[in-house]
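Enquirer: Okay, handing you the structure first.
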Amino acid sequence: MGFFLNNNTYESRLIIGSGKYKNFQETKDVLVASGAEIITVAIKRTNIGQDFNQKNLLDFIDPNEYKILPNTAGCFSSEDAIRISLIARELLGDNLIKLEVLQDQETLLPNESETLIAAKELVNLGFSIMVYTTDNVSLAKELETIGCVSVMPLASPIGSGKGIIDSSNIKKIIHNANVPIIVDAGIGTASDATIAMELGCDAVLLNSAIAMSKKPILMAEAMKHAVISGRKAYEAKRMRISEIAIPSSNKKDVLS
């Protein structure tokens, strides 16, 4: 079973980014290998029609076949994020956007106050907001309350590959949520994606883990299966952890 997002159902619970690949053809090849149906695009960095003199990503990835999710990566103020969102809506004719407002160039952590300001304004402007945020439990709930269609807490800093640093906060966010919770940023390898899904996340968004691997297409395939495996494990519910060893067979099954 897929997940429901902004009035649409997506079979794949993996969302990938489009940055850091050597060219648009590799971006497409990775997208196909990943099985993802949604690909996020940084409007500040990727041409989807803004520049007629440059290659256009949409010449390689058909927006009728894949969901192109614009994002405001590279924005450090609410004003800039709102401006980029308006440009994205004009280019794609769609209200769905991934909101990112960063704190600084060094940490690339979300700016909590500016993110909240931008989210409120964009919701008022009719946007459907998927919002990148910290693992701040109360902020995640506030972002949902003001009307964001998905909350996207980081696992760890962008591009760090450290995986989920504080699973307890992610669990609390999931428990309190009535919208999809999508782990975004910090995933380094397939096991990280599986862990995120086993916690109960609705989906995982990643980019660097694939793009910065030695074999991006192969890693994309690994991420596809990691997300599927993690979701199945979550639905199956893991065994209880025991402080003592428990025999695999019942005593009555043991030959005398």
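In the structure tokens, chains take the letters A, B, ... in the order shown, each chain's residues start at 1, and ligands count up from 1 in the order shown.
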What are the nearest atom pairs, with distances in Å to one decimal, for all residues of region 74-157 of chain A that come at most 6 Å from region 177-186 of chain A, using only C-alpha atoms, set out by chain and rising residue number as a Markdown table?
Expert:
| residue | atom | partner | partner_atom | distance |
| --- | --- | --- | --- | --- |
| A:Ser150 | CA | A:Pro180 | CA | 5.0 |
| A:Val151 | CA | A:Ile181 | CA | 5.2 |
| A:Met152 | CA | A:Ile182 | CA | 4.7 |
| A:Pro153 | CA | A:Val183 | CA | 5.4 |
| A:Leu154 | CA | A:Asp184 | CA | 4.8 |
| A:Ala155 | CA | A:Gly186 | CA | 5.2 |
| A:Ser156 | CA | A:Gly186 | CA | 4.4 |
| A:Pro157 | CA | A:Gly186 | CA | 5.3 |
Enquirer: Limited to all heavy atoms, could you put the picked residues into a file as a PDB file, in the first residue's frame?
Expert:
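Contents of result13.pdb, as written:
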ATOM      1  N   SER A 150       2.278  18.057   4.835  1.00  0.00           N
ATOM      2  CA  SER A 150       3.249  17.057   5.271  1.00  0.00           C
ATOM      3  C   SER A 150       4.332  17.756   6.068  1.00  0.00           C
ATOM      4  O   SER A 150       4.737  18.879   5.737  1.00  0.00           O
ATOM      5  CB  SER A 150       3.872  16.331   4.083  1.00  0.00           C
ATOM      6  OG  SER A 150       4.875  15.433   4.516  1.00  0.00           O
ATOM      7  N   VAL A 151       4.781  17.090   7.128  1.00  0.00           N
ATOM      8  CA  VAL A 151       5.881  17.618   7.933  1.00  0.00           C
ATOM      9  C   VAL A 151       7.083  16.713   7.712  1.00  0.00           C
ATOM     10  O   VAL A 151       6.978  15.489   7.752  1.00  0.00           O
ATOM     11  CB  VAL A 151       5.499  17.681   9.424  1.00  0.00           C
ATOM     12  CG1 VAL A 151       6.684  18.139  10.263  1.00  0.00           C
ATOM     13  CG2 VAL A 151       4.307  18.628   9.621  1.00  0.00           C
ATOM     14  N   MET A 152       8.261  17.336   7.490  1.00  0.00           N
ATOM     15  CA  MET A 152       9.448  16.603   7.058  1.00  0.00           C
ATOM     16  C   MET A 152      10.628  16.877   7.990  1.00  0.00           C
ATOM     17  O   MET A 152      11.510  17.689   7.679  1.00  0.00           O
ATOM     18  CB  MET A 152       9.786  16.989   5.619  1.00  0.00           C
ATOM     19  CG  MET A 152       8.588  16.873   4.687  1.00  0.00           C
ATOM     20  SD  MET A 152       8.940  17.405   2.986  1.00  0.00           S
ATOM     21  CE  MET A 152       9.882  15.999   2.412  1.00  0.00           C
ATOM     22  N   PRO A 153      10.672  16.203   9.137  1.00  0.00           N
ATOM     23  CA  PRO A 153      11.784  16.414  10.055  1.00  0.00           C
ATOM     24  C   PRO A 153      13.077  15.792   9.528  1.00  0.00           C
ATOM     25  O   PRO A 153      13.054  14.756   8.871  1.00  0.00           O
ATOM     26  CB  PRO A 153      11.322  15.696  11.334  1.00  0.00           C
ATOM     27  CG  PRO A 153      10.388  14.639  10.847  1.00  0.00           C
ATOM     28  CD  PRO A 153       9.687  15.234   9.657  1.00  0.00           C
ATOM     29  N   LEU A 154      14.190  16.449   9.823  1.00  0.00           N
ATOM     30  CA  LEU A 154      15.467  15.907   9.387  1.00  0.00           C
ATOM     31  C   LEU A 154      15.877  14.716  10.248  1.00  0.00           C
ATOM     32  O   LEU A 154      15.527  14.629  11.422  1.00  0.00           O
ATOM     33  CB  LEU A 154      16.552  16.980   9.408  1.00  0.00           C
ATOM     34  CG  LEU A 154      16.794  17.796  10.682  1.00  0.00           C
ATOM     35  CD1 LEU A 154      17.552  17.022  11.731  1.00  0.00           C
ATOM     36  CD2 LEU A 154      17.554  19.073  10.329  1.00  0.00           C
ATOM     37  N   ALA A 155      16.619  13.811   9.635  1.00  0.00           N
ATOM     38  CA  ALA A 155      17.234  12.714  10.383  1.00  0.00           C
ATOM     39  C   ALA A 155      18.525  13.208  11.023  1.00  0.00           C
ATOM     40  O   ALA A 155      18.831  12.912  12.174  1.00  0.00           O
ATOM     41  CB  ALA A 155      17.512  11.536   9.459  1.00  0.00           C
ATOM     42  N   SER A 156      19.266  13.990  10.249  1.00  0.00           N
ATOM     43  CA  SER A 156      20.519  14.635  10.659  1.00  0.00           C
ATOM     44  C   SER A 156      20.805  15.691   9.593  1.00  0.00           C
ATOM     45  O   SER A 156      20.078  15.783   8.595  1.00  0.00           O
ATOM     46  CB  SER A 156      21.651  13.602  10.792  1.00  0.00           C
ATOM     47  OG  SER A 156      21.761  12.790   9.647  1.00  0.00           O
ATOM     48  N   PRO A 157      21.835  16.521   9.760  1.00  0.00           N
ATOM     49  CA  PRO A 157      22.056  17.614   8.809  1.00  0.00           C
ATOM     50  C   PRO A 157      22.167  17.170   7.345  1.00  0.00           C
ATOM     51  O   PRO A 157      22.642  16.070   7.043  1.00  0.00           O
ATOM     52  CB  PRO A 157      23.368  18.230   9.302  1.00  0.00           C
ATOM     53  CG  PRO A 157      23.355  17.967  10.766  1.00  0.00           C
ATOM     54  CD  PRO A 157      22.758  16.596  10.905  1.00  0.00           C
TER      55      PRO A 157
END
Enquirer: List the neighbours of Ala119 (chain A) out to 8 Å using only C-alpha atoms; skip same-chain residues closer than 5 positions along the sequence, and give me the result as a list in words.
Expert: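 Contacts, in chain order: Leu99, Ile129, Val131, Leu143, Ile146 and Cys148 of chain A.
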Enquirer: With N, CA and C atoms retained, export the selected residues as a short mmCIF file (atom, residue, chain, number, x, y, z; two decimals), in the first residue's frame.
Expert:
data_model
loop_
_atom_site.label_atom_id
_atom_site.label_comp_id
_atom_site.auth_asym_id
_atom_site.auth_seq_id
_atom_site.Cartn_x
_atom_site.Cartn_y
_atom_site.Cartn_z
N LEU A 99 8.85 23.34 1.26
CA LEU A 99 9.38 24.57 1.84
C LEU A 99 10.64 24.29 2.65
N ILE A 129 1.79 22.85 1.41
CA ILE A 129 3.17 22.90 1.87
C ILE A 129 3.63 21.59 2.48
N VAL A 131 6.81 20.66 4.49
CA VAL A 131 7.74 21.55 5.15
C VAL A 131 8.91 20.81 5.80
N LEU A 143 3.20 23.32 12.72
CA LEU A 143 3.22 23.38 11.26
C LEU A 143 2.04 22.61 10.67
N ILE A 146 -1.26 24.75 11.25
CA ILE A 146 -1.50 25.91 10.38
C ILE A 146 -1.88 25.48 8.96
N CYS A 148 -0.03 22.76 6.90
CA CYS A 148 0.95 22.06 6.05
C CYS A 148 0.45 20.64 5.77
#
Enquirer: Assign secondary structure with DSSP using the backbone only, and return the residues of region 62-188 of chain A in strand (DSSP E) as a ChimeraX atom specification.
Expert: /A:67-71,96-99,128-133,150-153,182-184
Enquirer: In terms of the shortest atom-to-atom distance over only C-alpha atoms, which of A:Ser167, A:Asn6, A:Asn47, A:Asn56 is closest to Asp135 (chain A)?
Expert: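 Nearest candidate to Asp135 (chain A) out of A:Ser167, A:Asn6, A:Asn47, A:Asn56: A:Ser167.
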Enquirer: Neighbours of region 21-37 of chain A within 8 Å (only C-alpha atoms; same-chain residues fewer than 3 positions away dropped), as a list in words?
Expert: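 Residues near the query, excluding close chain neighbours: Tyr10, Glu11, Ser12, Arg13, Leu14, Ile15, Ile16, Ser18, Leu57, Phe60, Ile61, Glu65, Tyr66, Lys67, Ala211, Pro216, Ile217, Leu218, Ala220, Glu221, Ala222, Met223 and Lys224 of chain A.
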Enquirer: For the structure I just gave you, how does DSSP split region 18-249 of chain A - specifically, which residues are alpha helix (DSSP H)? Reply as a VMD selection string.
Expert: chain A and resid 24 to 34 78 to 92 112 to 124 137 to 145 167 to 176 190 to 198 208 to 211 216 to 236
Enquirer: Which value, in Å to one decimal, gives the distance between CA of Cys75 (chain A) and CA of Val101 (chain A)?
Expert: 5.3 Å
Enquirer: With only C-alpha atoms as the atoms that count, which of A:Gln103, A:Asp94, A:Ser191, A:Ser78 lies nearest to Ile117 (chain A)?
Expert: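 Selected residue with least distance to Ile117 (chain A): A:Ser78.
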Enquirer: Quick one: residues within 10 Å of Gly161 (chain A), only C-alpha atoms, excluding same-chain residues fewer than 6 positions away - as number ranges by chain?
Expert: A: 155, 185-189, 192, 206, 208-209, 212
Enquirer: Dump all heavy atoms for the selected residues as an mmCIF file, in the first residue's frame?
Expert:
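Writing the result to result_26.cif gives the following:
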data_model
loop_
_atom_site.group_PDB
_atom_site.id
_atom_site.type_symbol
_atom_site.label_atom_id
_atom_site.label_comp_id
_atom_site.auth_asym_id
_atom_site.auth_seq_id
_atom_site.Cartn_x
_atom_site.Cartn_y
_atom_site.Cartn_z
ATOM 1 N N ALA A 155 16.619 13.811 9.635
ATOM 2 C CA ALA A 155 17.234 12.714 10.383
ATOM 3 C C ALA A 155 18.525 13.208 11.023
ATOM 4 O O ALA A 155 18.831 12.912 12.174
ATOM 5 C CB ALA A 155 17.512 11.536 9.459
ATOM 6 N N ALA A 185 16.588 14.449 4.845
ATOM 7 C CA ALA A 185 17.969 14.889 5.097
ATOM 8 C C ALA A 185 18.682 13.979 6.087
ATOM 9 O O ALA A 185 18.126 13.585 7.116
ATOM 10 C CB ALA A 185 18.033 16.330 5.595
ATOM 11 N N GLY A 186 19.931 13.652 5.756
ATOM 12 C CA GLY A 186 20.797 12.916 6.653
ATOM 13 C C GLY A 186 20.886 11.426 6.403
ATOM 14 O O GLY A 186 21.747 10.749 6.979
ATOM 15 N N ILE A 187 20.013 10.896 5.552
ATOM 16 C CA ILE A 187 20.085 9.467 5.232
ATOM 17 C C ILE A 187 21.389 9.198 4.486
ATOM 18 O O ILE A 187 21.735 9.901 3.530
ATOM 19 C CB ILE A 187 18.880 9.043 4.374
ATOM 20 C CG1 ILE A 187 17.572 9.256 5.144
ATOM 21 C CG2 ILE A 187 19.018 7.598 3.917
ATOM 22 C CD1 ILE A 187 17.419 8.428 6.395
ATOM 23 N N GLY A 188 22.129 8.151 4.925
ATOM 24 C CA GLY A 188 23.422 7.881 4.309
ATOM 25 C C GLY A 188 23.474 6.604 3.499
ATOM 26 O O GLY A 188 24.188 6.525 2.504
ATOM 27 N N THR A 189 22.697 5.617 3.924
ATOM 28 C CA THR A 189 22.726 4.339 3.227
ATOM 29 C C THR A 189 21.386 3.641 3.412
ATOM 30 O O THR A 189 20.493 4.145 4.103
ATOM 31 C CB THR A 189 23.895 3.466 3.723
ATOM 32 O OG1 THR A 189 24.049 2.339 2.869
ATOM 33 C CG2 THR A 189 23.687 3.000 5.154
ATOM 34 N N ASP A 192 19.722 3.130 6.862
ATOM 35 C CA ASP A 192 19.136 4.343 7.457
ATOM 36 C C ASP A 192 17.697 4.534 6.986
ATOM 37 O O ASP A 192 16.813 4.902 7.767
ATOM 38 C CB ASP A 192 19.948 5.584 7.079
ATOM 39 C CG ASP A 192 21.365 5.566 7.626
ATOM 40 O OD1 ASP A 192 21.581 4.938 8.677
ATOM 41 O OD2 ASP A 192 22.241 6.188 6.998
ATOM 42 N N LEU A 206 15.416 11.556 0.067
ATOM 43 C CA LEU A 206 16.870 11.580 0.124
ATOM 44 C C LEU A 206 17.444 11.980 -1.228
ATOM 45 O O LEU A 206 16.800 11.862 -2.256
ATOM 46 C CB LEU A 206 17.407 10.219 0.575
ATOM 47 C CG LEU A 206 16.943 8.984 -0.216
ATOM 48 C CD1 LEU A 206 17.830 8.714 -1.408
ATOM 49 C CD2 LEU A 206 16.905 7.760 0.698
ATOM 50 N N SER A 208 21.573 13.020 -1.380
ATOM 51 C CA SER A 208 23.022 12.806 -1.316
ATOM 52 C C SER A 208 23.392 11.336 -1.193
ATOM 53 O O SER A 208 24.412 10.900 -1.742
ATOM 54 C CB SER A 208 23.619 13.582 -0.135
ATOM 55 O OG SER A 208 23.420 14.968 -0.298
ATOM 56 N N ALA A 209 22.591 10.562 -0.468
ATOM 57 C CA ALA A 209 22.912 9.152 -0.265
ATOM 58 C C ALA A 209 23.028 8.401 -1.586
ATOM 59 O O ALA A 209 23.817 7.466 -1.717
ATOM 60 C CB ALA A 209 21.847 8.487 0.615
ATOM 61 N N MET A 212 25.894 10.815 -4.098
ATOM 62 C CA MET A 212 27.285 10.833 -3.666
ATOM 63 C C MET A 212 27.859 9.432 -3.450
ATOM 64 O O MET A 212 28.984 9.282 -3.001
ATOM 65 C CB MET A 212 27.421 11.669 -2.392
ATOM 66 C CG MET A 212 27.063 13.134 -2.612
ATOM 67 S SD MET A 212 27.120 14.149 -1.110
ATOM 68 C CE MET A 212 28.892 14.206 -0.831
#
Enquirer: When you draw a straight line from CA of Ser128 (chain A) to CA of Thr46 (chain A), how long is it in Å?
Expert: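 Interatomic distance, CA of Ser128 (chain A) to CA of Thr46 (chain A): 21.1 Å.
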Enquirer: If you measure from CA of Leu199 (chain A) to CA of Leu5 (chain A), what distance in Å do you get, rounded to one decimal?
Expert: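 Here the two named atoms are 18.9 Å from each other.
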